[in-house]
Amino acid sequence: MKISIERATLLKAVSQAQSVVERRNTIPILANVLIEADGATVSFRATDLDIEVVDKAAAMVERAGATTVSAVMLHEIVRKLPDGSLVSLTDDQRTGRLTVEAGRSTFSLATLPREDFPVMASSEYQSNFTAKAGDLKRLFEKSKFAISTEETRYYLNGVYMHIADAEDGRVLRCVATDGHRLARIDAPLPEGAVGMPGVIVPRKTVNELRKLLDDDAADIAISVSETKVRFATSEIALTSKVIDGTFPDYSRVIPVGNTKRLEVDASEFAKAVDRVATVSSERSRAVKLILDEDKLTLSVNAPDSGMAQEELVVAYGDDHLEIGFNAKYLLEIASQIDRENAVFMFNSSGEPALVREGSDTSAVYVVMPMRV
């Protein structure tokens, strides 16, 4: 195999591949990227056995062929090469080496046979449809902060993507929760998605998917089966196993009877929470919200470190209420609000709060209170 490829193109392809590769693994071939050159295209394939990414790029292919080489090593070399340089990759199967040349730099890297590289078995997908990258980015970016990191509740270690009924009809919905907070985000239902089975997309896949969604107007081909999900553009295909488990009935924890309404500038609220939380204890990160007519007082009282208090002018016309929350959870939810104002709906100090953007119900957040 011998190819020449522009550095920026190579870097983009290799960076996607190396991020899928697990740094610590007991199978040497899994640390490698499979490079396949044919025609005027070169593809870079990487896998950790749960996720597989294939990135295709245009290249001058002098000699077709395939080999595997350390993904992290190749990425580091290409990253450090000068901008605009033309990179030549030459594989010598007799010596088991891949030569990387650019300008006056030459590297010789150890390779492993392509035959040893595991390729994810193709799947029969029950549902195939297309969605806009902008819609998918919103669904996953706004929900992923609530993914659980608790390994014992493995079915919460991802985002539940499914078809759901909303006020205005059927929608494509993503939900994530860790038991302390919940995010439920809706997008218009893409054509052809109606029979899609609900799947739990793992956290790592959600993070890798971000790289496919740079161009909001791009079309993303989505294929879903009971065991796998695939997201693809014309250049990149990301295939992932889904989490084998049943996502809990999240609708039961979304409060419907909360009537105490607080409207606050999301940015000002986040900054104020961040300031008062400076003195909160590292363990609890507790902040108390004290609500009176058109006034919100944020209060932190940590016996070991001190106390802090800040007042905000807000829109609130209900009874006096004192309720405590984890400051980190409040900040994460506030950072998801795209509009100026966040609307909090409360019932009592011991019940979860509902948060949304103005009157928009396509993005809904729930946060559990804590004793302060």
# chains A, B, ... in the order shown; residues from 1 in each chain; ligands from 1

call {"tool": "closest_atom_pairs", "arguments": {"of": "stretch 109-228 of chain A", "to": "stretch 19-41 of chain A", "cutoff": "10 Å", "atoms": "only C-alpha atoms", "output": "Markdown table"}}
result
| residue | atom | partner | partner_atom | distance |
| --- | --- | --- | --- | --- |
| A:Thr111 | CA | A:Asn32 | CA | 8.4 |
| A:Leu112 | CA | A:Ile29 | CA | 6.9 |
| A:Pro113 | CA | A:Ile29 | CA | 8.7 |
| A:Arg114 | CA | A:Leu34 | CA | 6.7 |
| A:Glu115 | CA | A:Leu34 | CA | 9.9 |
| A:Asp116 | CA | A:Ile29 | CA | 7.0 |
| A:Phe117 | CA | A:Ile29 | CA | 6.2 |
| A:Pro118 | CA | A:Leu30 | CA | 8.1 |
| A:Val119 | CA | A:Leu34 | CA | 9.6 |
| A:Lys204 | CA | A:Val20 | CA | 8.3 |
| A:Thr205 | CA | A:Val20 | CA | 8.8 |
| A:Asn207 | CA | A:Ser19 | CA | 9.8 |
| A:Glu208 | CA | A:Val20 | CA | 7.4 |

call {"tool": "write_last_selection", "arguments": {"atoms": "all heavy atoms", "output": "JSON list (two decimals), in the first residue's frame"}}
result
[["chain", "number", "residue", "atom", "x", "y", "z"],
["A", 111, "THR", "N", 3.59, -2.58, 12.35],
["A", 111, "THR", "CA", 2.22, -2.87, 11.94],
["A", 111, "THR", "C", 1.83, -4.27, 12.41],
["A", 111, "THR", "O", 2.68, -5.08, 12.78],
["A", 111, "THR", "CB", 2.06, -2.79, 10.41],
["A", 111, "THR", "OG1", 2.91, -3.78, 9.80],
["A", 111, "THR", "CG2", 2.43, -1.41, 9.89],
["A", 112, "LEU", "N", 0.54, -4.55, 12.35],
["A", 112, "LEU", "CA", 0.01, -5.89, 12.60],
["A", 112, "LEU", "C", -0.84, -6.27, 11.39],
["A", 112, "LEU", "O", -1.40, -5.40, 10.72],
["A", 112, "LEU", "CB", -0.85, -5.91, 13.88],
["A", 112, "LEU", "CG", -0.09, -5.79, 15.21],
["A", 112, "LEU", "CD1", -1.06, -5.59, 16.37],
["A", 112, "LEU", "CD2", 0.79, -7.01, 15.46],
["A", 113, "PRO", "N", -0.96, -7.56, 11.09],
["A", 113, "PRO", "CA", -1.69, -7.97, 9.87],
["A", 113, "PRO", "C", -3.15, -7.55, 9.90],
["A", 113, "PRO", "O", -3.81, -7.63, 10.95],
["A", 113, "PRO", "CB", -1.57, -9.50, 9.88],
["A", 113, "PRO", "CG", -0.53, -9.83, 10.89],
["A", 113, "PRO", "CD", -0.45, -8.69, 11.84],
["A", 114, "ARG", "N", -3.67, -7.13, 8.76],
["A", 114, "ARG", "CA", -5.07, -6.70, 8.67],
["A", 114, "ARG", "C", -6.02, -7.85, 8.98],
["A", 114, "ARG", "O", -7.14, -7.64, 9.44],
["A", 114, "ARG", "CB", -5.36, -6.15, 7.28],
["A", 114, "ARG", "CG", -5.24, -7.17, 6.15],
["A", 114, "ARG", "CD", -5.87, -6.73, 4.86],
["A", 114, "ARG", "NE", -7.30, -6.57, 4.98],
["A", 114, "ARG", "CZ", -8.08, -6.22, 3.97],
["A", 114, "ARG", "NH1", -7.57, -5.95, 2.80],
["A", 114, "ARG", "NH2", -9.38, -6.10, 4.12],
["A", 115, "GLU", "N", -5.59, -9.10, 8.71],
["A", 115, "GLU", "CA", -6.46, -10.27, 8.94],
["A", 115, "GLU", "C", -6.84, -10.42, 10.40],
["A", 115, "GLU", "O", -7.87, -11.03, 10.74],
["A", 115, "GLU", "CB", -5.76, -11.57, 8.47],
["A", 115, "GLU", "CG", -5.54, -11.68, 6.97],
["A", 115, "GLU", "CD", -4.40, -10.80, 6.47],
["A", 115, "GLU", "OE1", -3.46, -10.50, 7.27],
["A", 115, "GLU", "OE2", -4.44, -10.41, 5.29],
["A", 116, "ASP", "N", -6.00, -9.88, 11.31],
["A", 116, "ASP", "CA", -6.27, -10.00, 12.75],
["A", 116, "ASP", "C", -7.27, -8.95, 13.25],
["A", 116, "ASP", "O", -7.72, -9.02, 14.39],
["A", 116, "ASP", "CB", -4.96, -9.85, 13.55],
["A", 116, "ASP", "CG", -3.97, -10.96, 13.24],
["A", 116, "ASP", "OD1", -4.38, -11.95, 12.60],
["A", 116, "ASP", "OD2", -2.79, -10.83, 13.63],
["A", 117, "PHE", "N", -7.58, -7.97, 12.39],
["A", 117, "PHE", "CA", -8.41, -6.86, 12.85],
["A", 117, "PHE", "C", -9.88, -7.28, 12.90],
["A", 117, "PHE", "O", -10.43, -7.76, 11.91],
["A", 117, "PHE", "CB", -8.24, -5.65, 11.93],
["A", 117, "PHE", "CG", -8.80, -4.37, 12.50],
["A", 117, "PHE", "CD1", -8.02, -3.55, 13.30],
["A", 117, "PHE", "CD2", -10.11, -4.00, 12.25],
["A", 117, "PHE", "CE1", -8.54, -2.38, 13.83],
["A", 117, "PHE", "CE2", -10.65, -2.84, 12.80],
["A", 117, "PHE", "CZ", -9.85, -2.02, 13.58],
["A", 118, "PRO", "N", -10.55, -7.11, 14.06],
["A", 118, "PRO", "CA", -11.95, -7.53, 14.17],
["A", 118, "PRO", "C", -12.89, -6.50, 13.53],
["A", 118, "PRO", "O", -12.83, -5.31, 13.84],
["A", 118, "PRO", "CB", -12.20, -7.60, 15.69],
["A", 118, "PRO", "CG", -11.22, -6.62, 16.27],
["A", 118, "PRO", "CD", -10.04, -6.54, 15.33],
["A", 119, "VAL", "N", -13.72, -6.96, 12.60],
["A", 119, "VAL", "CA", -14.70, -6.08, 11.97],
["A", 119, "VAL", "C", -16.06, -6.41, 12.54],
["A", 119, "VAL", "O", -16.44, -7.58, 12.62],
["A", 119, "VAL", "CB", -14.69, -6.25, 10.44],
["A", 119, "VAL", "CG1", -15.81, -5.44, 9.79],
["A", 119, "VAL", "CG2", -13.34, -5.83, 9.86],
["A", 204, "LYS", "N", -20.23, 6.53, 25.79],
["A", 204, "LYS", "CA", -19.08, 6.71, 24.90],
["A", 204, "LYS", "C", -19.54, 6.99, 23.47],
["A", 204, "LYS", "O", -18.98, 7.83, 22.77],
["A", 204, "LYS", "CB", -18.17, 5.48, 24.95],
["A", 204, "LYS", "CG", -16.90, 5.65, 24.10],
["A", 204, "LYS", "CD", -15.94, 4.48, 24.26],
["A", 204, "LYS", "CE", -14.75, 4.63, 23.33],
["A", 204, "LYS", "NZ", -13.80, 3.51, 23.44],
["A", 205, "THR", "N", -20.57, 6.28, 23.04],
["A", 205, "THR", "CA", -21.11, 6.50, 21.69],
["A", 205, "THR", "C", -21.67, 7.91, 21.56],
["A", 205, "THR", "O", -21.46, 8.58, 20.54],
["A", 205, "THR", "CB", -22.21, 5.46, 21.39],
["A", 205, "THR", "OG1", -21.70, 4.16, 21.65],
["A", 205, "THR", "CG2", -22.69, 5.56, 19.96],
["A", 207, "ASN", "N", -20.70, 10.55, 23.12],
["A", 207, "ASN", "CA", -19.57, 11.48, 23.04],
["A", 207, "ASN", "C", -18.90, 11.42, 21.67],
["A", 207, "ASN", "O", -18.50, 12.46, 21.13],
["A", 207, "ASN", "CB", -18.55, 11.18, 24.14],
["A", 207, "ASN", "CG", -19.06, 11.57, 25.51],
["A", 207, "ASN", "OD1", -19.86, 12.48, 25.65],
["A", 207, "ASN", "ND2", -18.63, 10.86, 26.53],
["A", 208, "GLU", "N", -18.77, 10.22, 21.09],
["A", 208, "GLU", "CA", -18.16, 10.08, 19.76],
["A", 208, "GLU", "C", -19.05, 10.68, 18.68],
["A", 208, "GLU", "O", -18.57, 11.23, 17.69],
["A", 208, "GLU", "CB", -17.90, 8.60, 19.44],
["A", 208, "GLU", "CG", -16.78, 7.98, 20.25],
["A", 208, "GLU", "CD", -15.46, 8.71, 20.07],
["A", 208, "GLU", "OE1", -15.15, 9.16, 18.96],
["A", 208, "GLU", "OE2", -14.74, 8.86, 21.08]]

call {"tool": "residues_around", "arguments": {"residues": "stretch 340-354 of chain A", "least_positions_apart": "2", "cutoff": "6 Å", "atoms": "only C-alpha atoms", "output": "list in words"}}
result
Asn258, Lys260, Arg261, Leu262, Glu263, Val264, Asp265, Ala266, Ile323, Arg356, Glu357, Gly358, Tyr365, Val366, Val367, Met368 and Pro369 of chain A

call {"tool": "write_last_selection", "arguments": {"atoms": "N, CA and C atoms", "output": "PDB file, in the first residue's frame"}}
result
ATOM      1  N   ASN A 258     -46.983  20.486  39.819  1.00  0.00           N
ATOM      2  CA  ASN A 258     -46.227  21.630  40.371  1.00  0.00           C
ATOM      3  C   ASN A 258     -46.830  22.947  39.891  1.00  0.00           C
ATOM      4  N   LYS A 260     -46.165  26.212  41.717  1.00  0.00           N
ATOM      5  CA  LYS A 260     -45.403  27.406  42.117  1.00  0.00           C
ATOM      6  C   LYS A 260     -44.382  27.728  41.022  1.00  0.00           C
ATOM      7  N   ARG A 261     -44.551  28.873  40.367  1.00  0.00           N
ATOM      8  CA  ARG A 261     -43.770  29.180  39.155  1.00  0.00           C
ATOM      9  C   ARG A 261     -42.747  30.291  39.407  1.00  0.00           C
ATOM     10  N   LEU A 262     -41.487  29.949  39.146  1.00  0.00           N
ATOM     11  CA  LEU A 262     -40.402  30.923  39.256  1.00  0.00           C
ATOM     12  C   LEU A 262     -39.805  31.137  37.876  1.00  0.00           C
ATOM     13  N   GLU A 263     -39.694  32.383  37.450  1.00  0.00           N
ATOM     14  CA  GLU A 263     -39.030  32.689  36.181  1.00  0.00           C
ATOM     15  C   GLU A 263     -37.816  33.551  36.481  1.00  0.00           C
ATOM     16  N   VAL A 264     -36.658  33.131  35.962  1.00  0.00           N
ATOM     17  CA  VAL A 264     -35.411  33.812  36.309  1.00  0.00           C
ATOM     18  C   VAL A 264     -34.496  33.830  35.092  1.00  0.00           C
ATOM     19  N   ASP A 265     -33.681  34.871  34.988  1.00  0.00           N
ATOM     20  CA  ASP A 265     -32.684  34.941  33.925  1.00  0.00           C
ATOM     21  C   ASP A 265     -31.687  33.798  34.126  1.00  0.00           C
ATOM     22  N   ALA A 266     -31.598  32.880  33.152  1.00  0.00           N
ATOM     23  CA  ALA A 266     -30.797  31.655  33.312  1.00  0.00           C
ATOM     24  C   ALA A 266     -29.327  31.962  33.555  1.00  0.00           C
ATOM     25  N   ILE A 323     -36.195  25.556  49.568  1.00  0.00           N
ATOM     26  CA  ILE A 323     -35.887  24.250  48.994  1.00  0.00           C
ATOM     27  C   ILE A 323     -34.398  24.174  48.669  1.00  0.00           C
ATOM     28  N   ARG A 356     -37.830  24.223  32.646  1.00  0.00           N
ATOM     29  CA  ARG A 356     -37.928  24.280  31.183  1.00  0.00           C
ATOM     30  C   ARG A 356     -37.548  25.675  30.695  1.00  0.00           C
ATOM     31  N   GLU A 357     -37.527  25.845  29.386  1.00  0.00           N
ATOM     32  CA  GLU A 357     -37.204  27.138  28.790  1.00  0.00           C
ATOM     33  C   GLU A 357     -38.502  27.852  28.432  1.00  0.00           C
ATOM     34  N   GLY A 358     -38.845  28.877  29.197  1.00  0.00           N
ATOM     35  CA  GLY A 358     -40.085  29.605  28.938  1.00  0.00           C
ATOM     36  C   GLY A 358     -41.257  28.645  28.871  1.00  0.00           C
ATOM     37  N   TYR A 365     -36.519  19.355  32.205  1.00  0.00           N
ATOM     38  CA  TYR A 365     -35.536  18.827  33.153  1.00  0.00           C
ATOM     39  C   TYR A 365     -36.197  18.656  34.510  1.00  0.00           C
ATOM     40  N   VAL A 366     -35.782  17.624  35.223  1.00  0.00           N
ATOM     41  CA  VAL A 366     -36.281  17.385  36.577  1.00  0.00           C
ATOM     42  C   VAL A 366     -35.071  17.279  37.500  1.00  0.00           C
ATOM     43  N   VAL A 367     -35.151  17.920  38.657  1.00  0.00           N
ATOM     44  CA  VAL A 367     -34.051  17.818  39.620  1.00  0.00           C
ATOM     45  C   VAL A 367     -34.628  17.538  41.009  1.00  0.00           C
ATOM     46  N   MET A 368     -34.026  16.556  41.692  1.00  0.00           N
ATOM     47  CA  MET A 368     -34.504  16.168  43.019  1.00  0.00           C
ATOM     48  C   MET A 368     -33.947  17.134  44.060  1.00  0.00           C
ATOM     49  N   PRO A 369     -34.751  17.489  45.068  1.00  0.00           N
ATOM     50  CA  PRO A 369     -34.242  18.376  46.111  1.00  0.00           C
ATOM     51  C   PRO A 369     -33.388  17.623  47.120  1.00  0.00           C
TER      52      PRO A 369
END

call {"tool": "select_by_dssp", "arguments": {"residues": "stretch 22-86 of chain A", "states": "strand (DSSP E)", "output": "number ranges by chain"}}
result
A: 32-38, 41-47, 51-58, 60-63, 65-70, 86

call {"tool": "residues_around", "arguments": {"residues": "stretch 271-274 of chain A", "least_positions_apart": "3", "cutoff": "12 Å", "atoms": "only C-alpha atoms", "output": "PyMOL selection string"}}
result
chain A and resi 264-268+277-280+285-289+296-300+308-313+324-335

call {"tool": "residues_around", "arguments": {"residues": "A:Tyr250", "least_positions_apart": "6", "cutoff": "10 Å", "atoms": "only C-alpha atoms", "output": "PDB file with all heavy atoms, in the first residue's frame"}}
result
ATOM      1  N   VAL A 175     -33.894  10.610  26.460  1.00  0.00           N
ATOM      2  CA  VAL A 175     -34.032  10.772  27.913  1.00  0.00           C
ATOM      3  C   VAL A 175     -32.791  10.211  28.591  1.00  0.00           C
ATOM      4  O   VAL A 175     -32.283   9.156  28.203  1.00  0.00           O
ATOM      5  CB  VAL A 175     -35.284  10.033  28.451  1.00  0.00           C
ATOM      6  CG1 VAL A 175     -35.397  10.187  29.969  1.00  0.00           C
ATOM      7  CG2 VAL A 175     -36.550  10.552  27.789  1.00  0.00           C
ATOM      8  N   ALA A 176     -32.301  10.934  29.596  1.00  0.00           N
ATOM      9  CA  ALA A 176     -31.206  10.424  30.432  1.00  0.00           C
ATOM     10  C   ALA A 176     -31.502  10.789  31.878  1.00  0.00           C
ATOM     11  O   ALA A 176     -32.064  11.856  32.161  1.00  0.00           O
ATOM     12  CB  ALA A 176     -29.871  11.021  30.003  1.00  0.00           C
ATOM     13  N   THR A 177     -31.127   9.897  32.782  1.00  0.00           N
ATOM     14  CA  THR A 177     -31.321  10.188  34.209  1.00  0.00           C
ATOM     15  C   THR A 177     -30.317   9.394  35.040  1.00  0.00           C
ATOM     16  O   THR A 177     -29.873   8.321  34.621  1.00  0.00           O
ATOM     17  CB  THR A 177     -32.751   9.847  34.675  1.00  0.00           C
ATOM     18  OG1 THR A 177     -32.902  10.205  36.052  1.00  0.00           O
ATOM     19  CG2 THR A 177     -33.062   8.363  34.509  1.00  0.00           C
ATOM     20  N   GLY A 179     -31.149   9.317  38.482  1.00  0.00           N
ATOM     21  CA  GLY A 179     -31.917   9.187  39.725  1.00  0.00           C
ATOM     22  C   GLY A 179     -31.978  10.481  40.519  1.00  0.00           C
ATOM     23  O   GLY A 179     -32.863  10.660  41.359  1.00  0.00           O
ATOM     24  N   LEU A 182     -32.989  14.516  35.688  1.00  0.00           N
ATOM     25  CA  LEU A 182     -33.469  13.885  34.467  1.00  0.00           C
ATOM     26  C   LEU A 182     -33.571  14.931  33.371  1.00  0.00           C
ATOM     27  O   LEU A 182     -33.934  16.083  33.624  1.00  0.00           O
ATOM     28  CB  LEU A 182     -34.832  13.230  34.729  1.00  0.00           C
ATOM     29  CG  LEU A 182     -35.568  12.581  33.546  1.00  0.00           C
ATOM     30  CD1 LEU A 182     -36.312  11.333  34.029  1.00  0.00           C
ATOM     31  CD2 LEU A 182     -36.555  13.526  32.872  1.00  0.00           C
ATOM     32  N   ALA A 183     -33.224  14.529  32.147  1.00  0.00           N
ATOM     33  CA  ALA A 183     -33.387  15.399  30.983  1.00  0.00           C
ATOM     34  C   ALA A 183     -34.240  14.666  29.955  1.00  0.00           C
ATOM     35  O   ALA A 183     -33.985  13.500  29.658  1.00  0.00           O
ATOM     36  CB  ALA A 183     -32.026  15.749  30.389  1.00  0.00           C
ATOM     37  N   ARG A 184     -35.263  15.349  29.443  1.00  0.00           N
ATOM     38  CA  ARG A 184     -36.135  14.774  28.408  1.00  0.00           C
ATOM     39  C   ARG A 184     -36.224  15.774  27.260  1.00  0.00           C
ATOM     40  O   ARG A 184     -36.771  16.860  27.412  1.00  0.00           O
ATOM     41  CB  ARG A 184     -37.531  14.522  28.981  1.00  0.00           C
ATOM     42  CG  ARG A 184     -38.453  13.726  28.064  1.00  0.00           C
ATOM     43  CD  ARG A 184     -39.904  13.878  28.453  1.00  0.00           C
ATOM     44  NE  ARG A 184     -40.438  15.171  28.021  1.00  0.00           N
ATOM     45  CZ  ARG A 184     -41.621  15.652  28.411  1.00  0.00           C
ATOM     46  NH1 ARG A 184     -42.365  14.976  29.260  1.00  0.00           N
ATOM     47  NH2 ARG A 184     -42.059  16.824  27.960  1.00  0.00           N
TER      48      ARG A 184
END

call {"tool": "closest_residue", "arguments": {"among": "A:Met161, A:Ala166, A:Ala221, A:Met60", "to": "A:Ala131", "atoms": "only C-alpha atoms"}}
result
A:Ala221

call {"tool": "residues_around", "arguments": {"residues": "A:Asp214", "least_positions_apart": "4", "cutoff": "12 Å", "atoms": "only C-alpha atoms", "output": "PyMOL selection string"}}
result
chain A and resi 132-138+208-210+218-220+233

call {"tool": "closest_residue", "arguments": {"among": "A:Val53, A:Ala164, A:Ala71, A:Val61", "to": "A:Leu11", "atoms": "only C-alpha atoms"}}
result
A:Ala71

call {"tool": "residues_around", "arguments": {"residues": "A:Cys174", "least_positions_apart": "4", "cutoff": "7 Å", "atoms": "only C-alpha atoms", "output": "list in words"}}
result
Leu139, Phe140, Ser143, Val159, Tyr160, Met161, His162, Arg184, Ile185 and Asp186 of chain A

call {"tool": "select_by_dssp", "arguments": {"residues": "stretch 141-352 of chain A", "states": "helix (DSSP H, G or I)", "output": "PyMOL selection string"}}
result
chain A and resi 141+144-146+151-156+203-212+250-253+266-279+327-334

call {"tool": "atom_distance", "arguments": {"atom1": "atom CA of A:Arg275", "atom2": "atom CA of A:Met307"}}
result
11.3 Å

call {"tool": "closest_residue", "arguments": {"among": "A:Ala17, A:Leu156, A:Met196, A:Leu10", "to": "A:Leu89", "atoms": "only C-alpha atoms"}}
result
A:Leu10

call {"tool": "atom_distance", "arguments": {"atom1": "atom CA of A:Asp92", "atom2": "atom CA of A:Thr9"}}
result
22.9 Å

call {"tool": "atom_distance", "arguments": {"atom1": "atom CA of A:Ser43", "atom2": "atom CA of A:Asp55"}}
result
5.5 Å

call {"tool": "closest_residue", "arguments": {"among": "A:Tyr316, A:Thr149, A:Gly195, A:Pro188", "to": "A:Glu167", "atoms": "only C-alpha atoms"}}
result
A:Pro188

call {"tool": "closest_residue", "arguments": {"among": "A:Ala59, A:Ile163, A:Val54, A:Val206", "to": "A:Ser4", "atoms": "only C-alpha atoms"}}
result
A:Ala59
